[in-house]
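To keep things clear, I will list the structure first and then write my remarks on it.
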Amino acid sequence: MGVILVETPAYYSRGLKFTLATPFLVLLLGLALMIYPQREYTPIYIFSGVLLLLALLYFAILPRKFQVRTDGITLHLGRQVFLPADSIAAVTRAPSDFHYGSIYLATSVSHCVLIQRHAGRGLLISPQDVSGFLNATEDILLGPRMHRSSSSEVNEESFLLV
């Protein structure tokens with residue numbers, strides 16, 4: 001594996017955080033209701049158990065962090081998924097109209113990045129530092145020598161790459 005250029009955690013929107021926290025809140029409510037034994041609370045326990053199982057399933061597949069390395073991108077899901085730089089066609093900020101043929105691993109609409117691959121489906125992810133992630137992937141795809149210049153001066157290489 002290559003040297004890590006950028007490591008950024010996944011960005012979770014407030015709605016997703018609330019959705020993932022709901023099973024734990026329902027479970028806490030069920031535990032609090034155990035104080036009153038004269039009532040039957042079995043439906044609450046069944047419901048909270050199902051919600052807890054779904055939350056654990058979400059935690060197993062949702063991305064935790066992303067690493068841009070000199071030789072590719074590593075996605076940390078339930079396990080590590082490595083995308084070699086040779087297999088990546090482009091990495092761009094995803095537009096608001098999502099690409100329906102892509103694998104959706106994004107956890108926020110506002111921080112969405114599209115990784116287009118040469119073969120296979122694209123990936124939609126949500127890194128917390130979108131600009132740092134995009135700059136680092138541009139470095140590994142184009143090479144640091146051919147990085148687009150941010151100054152007003154336009155050189156021949158950056159003009160041809162745009």
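FYI, nothing fancy with the structure tokens labels: chains A, B, ... in order, residues from 1 per chain, ligands from 1 as they appear.
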
Original post:
When DSSP works through the backbone of this structure, what residues of chain A end up as helix (DSSP H, G or I), shown as a PyMOL selection string?
Top reply: chain A and resi 14-33+42-61+85-87+130-142+144-146+156-161

Write out as a short mmCIF file (atom, residue, chain, number, x, y, z; two decimals) with N, CA, C and O atoms, in the first residue's frame the residues lying within 10 Å of range 49-51 of chain A, counting only C-alpha atoms and excluding same-chain residues fewer than 5 positions away.
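result.cif was written with the following content:
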data_model
loop_
_atom_site.label_atom_id
_atom_site.label_comp_id
_atom_site.auth_asym_id
_atom_site.auth_seq_id
_atom_site.Cartn_x
_atom_site.Cartn_y
_atom_site.Cartn_z
N THR A 19 -31.70 9.07 12.62
CA THR A 19 -32.23 7.75 12.24
C THR A 19 -31.46 6.62 12.92
O THR A 19 -32.04 5.64 13.37
N LEU A 20 -30.14 6.76 13.00
CA LEU A 20 -29.33 5.72 13.64
C LEU A 20 -29.44 5.75 15.16
O LEU A 20 -29.24 4.73 15.81
N ALA A 21 -29.76 6.91 15.73
CA ALA A 21 -29.89 7.01 17.19
C ALA A 21 -31.26 6.56 17.68
O ALA A 21 -31.40 6.20 18.85
N THR A 22 -32.27 6.55 16.83
CA THR A 22 -33.63 6.20 17.25
C THR A 22 -33.74 4.82 17.89
O THR A 22 -34.37 4.69 18.94
N PRO A 23 -33.14 3.76 17.34
CA PRO A 23 -33.26 2.45 18.00
C PRO A 23 -32.70 2.44 19.42
O PRO A 23 -33.26 1.81 20.31
N PHE A 24 -31.62 3.16 19.63
CA PHE A 24 -31.03 3.20 20.96
C PHE A 24 -31.93 3.97 21.93
O PHE A 24 -32.06 3.59 23.09
N VAL A 26 -35.25 4.16 21.67
CA VAL A 26 -36.39 3.28 21.94
C VAL A 26 -35.99 2.18 22.93
O VAL A 26 -36.76 1.84 23.84
N LEU A 27 -34.78 1.66 22.79
CA LEU A 27 -34.30 0.65 23.73
C LEU A 27 -34.17 1.22 25.14
O LEU A 27 -34.54 0.58 26.12
N PRO A 43 -44.29 -5.71 23.17
CA PRO A 43 -44.18 -5.10 21.83
C PRO A 43 -43.06 -4.07 21.74
O PRO A 43 -42.39 -3.96 20.71
N ILE A 44 -42.84 -3.32 22.83
CA ILE A 44 -41.77 -2.32 22.82
C ILE A 44 -40.42 -3.00 22.71
O ILE A 44 -39.53 -2.56 21.98
N LEU A 56 -27.46 -1.80 13.86
CA LEU A 56 -26.17 -2.51 13.80
C LEU A 56 -25.81 -2.90 12.37
O LEU A 56 -24.65 -2.86 11.97
N LEU A 57 -26.83 -3.26 11.58
CA LEU A 57 -26.59 -3.56 10.18
C LEU A 57 -26.12 -2.33 9.43
O LEU A 57 -25.18 -2.39 8.62
#

Original post:
Using only C-alpha atoms, which of A:Ala90, A:Cys112, A:Ile140, A:Leu16 sits nearest Ser126 in chain A?
Top reply: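 Counting only C-alpha atoms, the residue closest to Ser126 in chain A is A:Cys112.
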
**OP:** Run DSSP on the backbone and give me the residues of range 4-160 of chain A it puts in strand (DSSP E or B), as number ranges by chain.
**Re:** A: 4-10, 65-69, 72-76, 80-84, 88-93, 103-104, 113-117, 123-125, 127

**OP:** Go through A:Leu141, A:Leu29, A:Val130, A:Ile35 one by one, measure the shortest atom-to-atom distance of each to Phe47 in chain A using only C-alpha atoms, and give the residue with the smallest value.
**Re:** A:Leu29

**OP:** Would you mind telling me which residue in A:Ala10, A:Leu31, A:Leu52, A:Leu5 lies nearest to Pro127 in chain A when using only C-alpha atoms?
**Re:**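 For Pro127 in chain A, the nearest of the candidates is A:Ala10.
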